[in-house]
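Some notes on the structure that comes next.
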Amino acid sequence: MGRRAKNKQGPPQPIKQGSLSTKNGKRKAEDEDSGTLRPSKKLKDVSNKVKGDSTSKSGTPNGKGRPKKTKEEKKGKKQVHFDSEESGSGWEDVEDDKVDLKVQAKSLFHDSDDEFPVLQGDLEEFEGEENGDYEEDDDEPLRGPTQEFDFDSDEDEDIQLISSKVKKSKQFERPTKIIPTASVTSDSEDSDEDEDGKVTMSNMEARSRALDEAAAAEAELDAEESRQAALEAGDEDIGIDDDEEEVDGEFRLPTATEREEEKTQGGPDVQTVQQRMRFCVRVLGNFKNRSEKGRPRTEYIEQLISDIANYYGYNEFLAEKLFQLFPVAEAIEFFEANEVPRPVTIRTNTLRTRRRDLAQALINRGVNLEPIGKWTNVGLQVFESSVPIGATPEYLAGHYMLQAASSFLPVIALSPQPNERVLDMASAPGGKTTHIAALLQNTGVVFVNDANKARTKSLTANIHRLGCKNVVVCSYDGREFPKVMGGFDRVLLDAPCSGTGVISKDSSVKVNKSERDFTLLSHLQKQLILCAIDSVSPESKTGGYLVYSTCSVTVDENEAVVDYALRKRPNVKLVDTGLSFGREGFTKYRGKVFNPTVSLTRRFYPHVHNMDGFFVAKFKVERRSKSNSATENVKDTPMSTIENEYKEDLGFDPDEDRDYIEKAKRRQMKAKGLRPPPHKMPPQSQESN
Ligand SMILES: C[S@@+](CC[C@H](N)C(=O)[O-])C[C@H]1O[C@@H](n2cnc3c(N)ncnc32)[C@H](O)[C@@H]1O
């Protein structure tokens with residue numbers, strides 16, 4: 001067994017243990033119908049990391065990230081409430097003049113912040129309350145801290161202290177926090193043990209946090225270690241207890257005929273699938289010693305992917321795509337983590353208040369919260385609340401934004417400076433926009449754009465609620481933006497994506513994405529990134545940066561796009577994101593080799609960081625030298641030309657398409673009883689004639 005395997009970090013815990021699972025797969029439905037719980041313990045033992053409170057997984061059949069009522073809730077215990085309305089899958093109603101992508105892309109995209117759009121319909125509840133007072137504050141915003149990194153601040157401890165005083169009598173369970181980094185852990189100021197080393201009421205909080213952090217750092221090391229081991233050995237001994245062998249007993253991989261038979265009988269039962277997954281993971285962990293003679297590795301992998309798809313409710317294509325991102329055992333952890341909601345987090349709006357004051361105000365209302373971690377000085381993690389967190393007077397007064405922790409990352413990487421001119425190219429519903437405006441302290445200007453006009457309504461509402469006064473909202477296709485204006489100090493492209501990082505919030509992704517969707521998305525992202533680069537001013541005195549981000553974990557939407565941009569724009573280079581944690585981007589993936597600097601990009605995973613899956617890349621845009629000015633400015637280039645630039649990479653062959661169109665036209669004419677014109681010979685054949 002791997003040294004660390006015995007000691008592994010627990011799973012990313014949900015806000016309240018026991019309110020898990022957004023399963024919508026077939027197995028889930030069966031479980032619920034039969035009233036039995038999904039017996040996941042065995043699997044968790046295999047991964048030896050994901051040890052969530054499986055017995056309490058009651059699950060929700062519809063997914064959409066809304067946890068089903070837990071036993072605690074039914075008994076009347078408190079839970080976190082959201083009153084914010086969930087928006088649609090996004091990107092509906094985009095003008096259809098670019099039929100090629102826009103039409104096809106409808107409903108392809110996923111918006112990382114869709115879960116927390118502007119509050120609607122709850123205002124009446126608070127009429128005549130503090131709300132009015134806050135409105136007066138609009139013209140005199142409180143200026144909060146503008147730096148994201150403030151490691152000297154003792155604010156975290158203060159908030160914890162306030163929080164712990166209020167919580168004393170409540171006996172709250174302490175779920176695992178969002179995972180901080182090893183570097184943060186080593187810096188930790190929380191080792192404030194009493195001199196005699198005793199645990200006291202005053203140091204308990206800090207000690208438990210320090211333990212969480214140490215465990216988190218350990219988890220990151222574990223993952224790294226197993227990745228390295230897998231790469232080096234070409235085999236993945238994932239450290240399963242040897243006595244597990246006995247539990248497997250005589251279990252063996254079914255033959256192709258047996259699998260066919262199984263299908264005709266309506267598929268295997270959930271126990272069989274579970275046992276088989278566990279078995280395959282074990283065999284693949286030490287293939288030389290555990291595999292059956294004559295059965296190749298691919299057979300085990302095929303079986304495992306098919307069972308994962310079945311068990312977790314994915315289509316096989318996506319199950320395989322996601323499986324391929326990780327070593328075998330870690331893949332299971334990833335799929336498991338997608339069954340658990342991520343922690344509820346809020347971002348303090350420093351234009352209106354300070355985090356300490358906000359924390360105090362919410363604690364007074366019965367909200368149990370803590371600072372997210374040292375990497376942000378504006379984030380709070382909400383554990384429990386007796387009030388709807390999306391409808392408190394503080395929320396309505398714009399003191400905070402309900403925002404996933406991962407969504408802070410691109411803005412931290414962007415690091416806008418006061419008085420700069422910033423573009424947020426795909427911005428609705430505005431989680432990152434309002435964060436940018438706050439970091440600019442309402443100075444400079446933020447142009448915020450979204451191709452979907454309907455979505456700019458919630459964007460505008462958020463901008464007003466949070467008191468951002470330096471924002472100009474517009475609605476263009478981002479691919480046209482360089483033609484509209486340019487010269488920005490910094491640009492954020494939080495690109496439309498497949499949402500494979502936010503499956504715990506929107507489980508429909510599990511079944512509604514096909515290979516073609518990923519091709520189209522990658523195509524659009526490549527077009528957008530070039531336009532985003534060309535919107536940055538290389539002359540900027542303070543900036544000249546682009547941040548590209550997605551809430552997806554696939555390589556096609558991330559490293560492949562970044563690598564493409566590096567090839568097409570020799571005047572840009574990747575730079576450090578400034579984020580103190582996250583895994584390095586892939587520089588090699590399934591036979592593709594990317595620019596080595598792609599390792600500067602960062603990946604975030606639910607099973608590692610207890611955040612939504614996310615990707616962040618930061619570019620520095622430099623002046624074009626004469627030698628590289630061959631690549632025209634997208635701004636001055638017609639869209640048709642820009643699209644042609646992608647031809648070779650995207651596998652679209654216009655000549656081939658022309659032929660298909662021609663054939664289709666001829667068929668149509670024949671069907672109408674018309675005689676099609678004689679078939680035109682392709683130029684080459686004519687020449688050879
Ligand atoms: C991931 S979401 C952005 C989330 C936003 N940055 C936030 O933090 O709230 C992607 C957005 O891109 C928009 N979008 C899709 N295609 C676009 C295009 N061609 N140009 C500009 N925006 C586009 C979608 O309408 C969607 O709102």
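If you're wondering about the labels, chains in the structure tokens are A, B, ... by order shown, residues count from 1 in each chain, ligands from 1 in order shown.
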Within 8 Å of A:Phe447, counting only C-alpha atoms, which residues qualify if same-chain residues fewer than 5 places away don't, as a list in words? Arg421, Val422, Leu423, Asp424, Met425, Val471, Val472, Val473 and Cys474 of chain A
Pick from A:Gly366, A:Gly398, A:Ile346, A:Glu662: nearest to A:Val382, with only C-alpha atoms counted?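 Among the listed residues, A:Ile346 lies closest to A:Val382.
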Could you pull out all residues of stretch 391-638 of chain A with a DSSP call of helix (DSSP H, G or I) and give them as a PyMOL selection string? chain A and resi 393-396+405-414+431-439+455-465+478-484+509-512+515-535+559-568+596-600+606-609+626-628+634-636
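For the choices A:Met611, A:Val509, A:Ala454, A:Ala309, the atom-to-atom distance to ligand 1 is smallest for A:Ala454 when using only C-alpha atoms and all ligand atoms.
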Which one of A:Ala671, A:Leu351, A:Ile533, A:Cys497 sits closest to ligand 1 if you count only C-alpha atoms and all ligand atoms?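 Counting only C-alpha atoms and all ligand atoms, the residue closest to ligand 1 is A:Cys497.
Atom to atom, atom CA of A:Glu330 and atom CA of A:Phe581 stand 18.5 Å apart.
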Selected residue, from A:Asp576, A:Asp506, A:Glu584, A:Asp477, that lies nearest to ligand 1 when counting only C-alpha atoms and all ligand atoms: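 Nearest candidate to ligand 1 out of A:Asp576, A:Asp506, A:Glu584, A:Asp477: A:Asp477.
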Of the listed residues A:Tyr476, A:Phe614, A:Tyr545, A:Phe287, that which approaches ligand 1 most closely, counting only C-alpha atoms and all ligand atoms: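 Using only C-alpha atoms and all ligand atoms, the shortest distance to ligand 1 belongs to A:Tyr476.
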May I have the residues within 10 Å of A:Asn462 as a list of chain:residue names, using only C-alpha atoms and disregarding those fewer than 5 positions away in the same chain?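 Those residues are A:Pro117, A:Val118, A:Leu119, A:Leu396, A:Gly398, A:Met401, A:Ala428, A:Pro429, A:Gly430, A:Gly431, A:Thr433, A:Thr434, A:Thr456, A:Lys457, A:Gly467, A:Cys468.
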Output N, CA and C atoms for every residue in that selection, as an mmCIF file, in the first residue's frame.
```cif
data_model
loop_
_atom_site.group_PDB
_atom_site.id
_atom_site.type_symbol
_atom_site.label_atom_id
_atom_site.label_comp_id
_atom_site.auth_asym_id
_atom_site.auth_seq_id
_atom_site.Cartn_x
_atom_site.Cartn_y
_atom_site.Cartn_z
ATOM 1 N N PRO A 117 -27.845 33.972 -9.655
ATOM 2 C CA PRO A 117 -28.118 35.233 -10.311
ATOM 3 C C PRO A 117 -28.807 36.175 -9.344
ATOM 4 N N VAL A 118 -29.252 37.282 -9.885
ATOM 5 C CA VAL A 118 -29.840 38.277 -9.005
ATOM 6 C C VAL A 118 -31.098 37.738 -8.337
ATOM 7 N N LEU A 119 -31.310 38.196 -7.152
ATOM 8 C CA LEU A 119 -32.486 37.789 -6.394
ATOM 9 C C LEU A 119 -33.728 38.382 -7.040
ATOM 10 N N LEU A 396 -29.714 42.074 -0.001
ATOM 11 C CA LEU A 396 -30.480 43.021 -0.808
ATOM 12 C C LEU A 396 -29.761 44.363 -0.913
ATOM 13 N N GLY A 398 -26.714 44.706 -1.163
ATOM 14 C CA GLY A 398 -25.506 44.540 -1.978
ATOM 15 C C GLY A 398 -24.220 44.399 -1.188
ATOM 16 N N MET A 401 -22.155 38.964 -2.584
ATOM 17 C CA MET A 401 -22.590 38.232 -3.764
ATOM 18 C C MET A 401 -22.513 36.759 -3.392
ATOM 19 N N ALA A 428 -22.165 37.874 -18.008
ATOM 20 C CA ALA A 428 -23.414 37.665 -17.256
ATOM 21 C C ALA A 428 -23.336 36.354 -16.469
ATOM 22 N N PRO A 429 -23.885 36.306 -15.245
ATOM 23 C CA PRO A 429 -24.679 37.341 -14.561
ATOM 24 C C PRO A 429 -23.857 38.323 -13.728
ATOM 25 N N GLY A 430 -22.557 38.286 -13.808
ATOM 26 C CA GLY A 430 -21.797 39.396 -13.251
ATOM 27 C C GLY A 430 -21.057 39.142 -11.951
ATOM 28 N N GLY A 431 -20.903 37.887 -11.560
ATOM 29 C CA GLY A 431 -20.152 37.592 -10.336
ATOM 30 C C GLY A 431 -18.745 38.171 -10.420
ATOM 31 N N THR A 433 -17.635 40.359 -12.765
ATOM 32 C CA THR A 433 -17.685 41.799 -13.079
ATOM 33 C C THR A 433 -17.680 42.633 -11.804
ATOM 34 N N THR A 434 -18.571 42.268 -10.889
ATOM 35 C CA THR A 434 -18.721 43.081 -9.682
ATOM 36 C C THR A 434 -17.485 42.950 -8.788
ATOM 37 N N THR A 456 -28.068 40.045 -19.854
ATOM 38 C CA THR A 456 -27.503 41.304 -19.347
ATOM 39 C C THR A 456 -28.461 41.973 -18.348
ATOM 40 N N LYS A 457 -29.706 41.501 -18.286
ATOM 41 C CA LYS A 457 -30.647 42.069 -17.304
ATOM 42 C C LYS A 457 -30.197 41.716 -15.889
ATOM 43 N N GLY A 467 -23.671 48.325 -6.199
ATOM 44 C CA GLY A 467 -23.182 49.709 -6.171
ATOM 45 C C GLY A 467 -21.953 49.949 -7.032
ATOM 46 N N CYS A 468 -21.857 49.243 -8.159
ATOM 47 C CA CYS A 468 -20.716 49.454 -9.064
ATOM 48 C C CYS A 468 -21.041 50.640 -9.970
#
```
Have a look at A:Asn595, A:Ser508, A:Thr577, A:Asn449 and name the one nearest to ligand 1; count only C-alpha atoms and all ligand atoms. A:Asn449
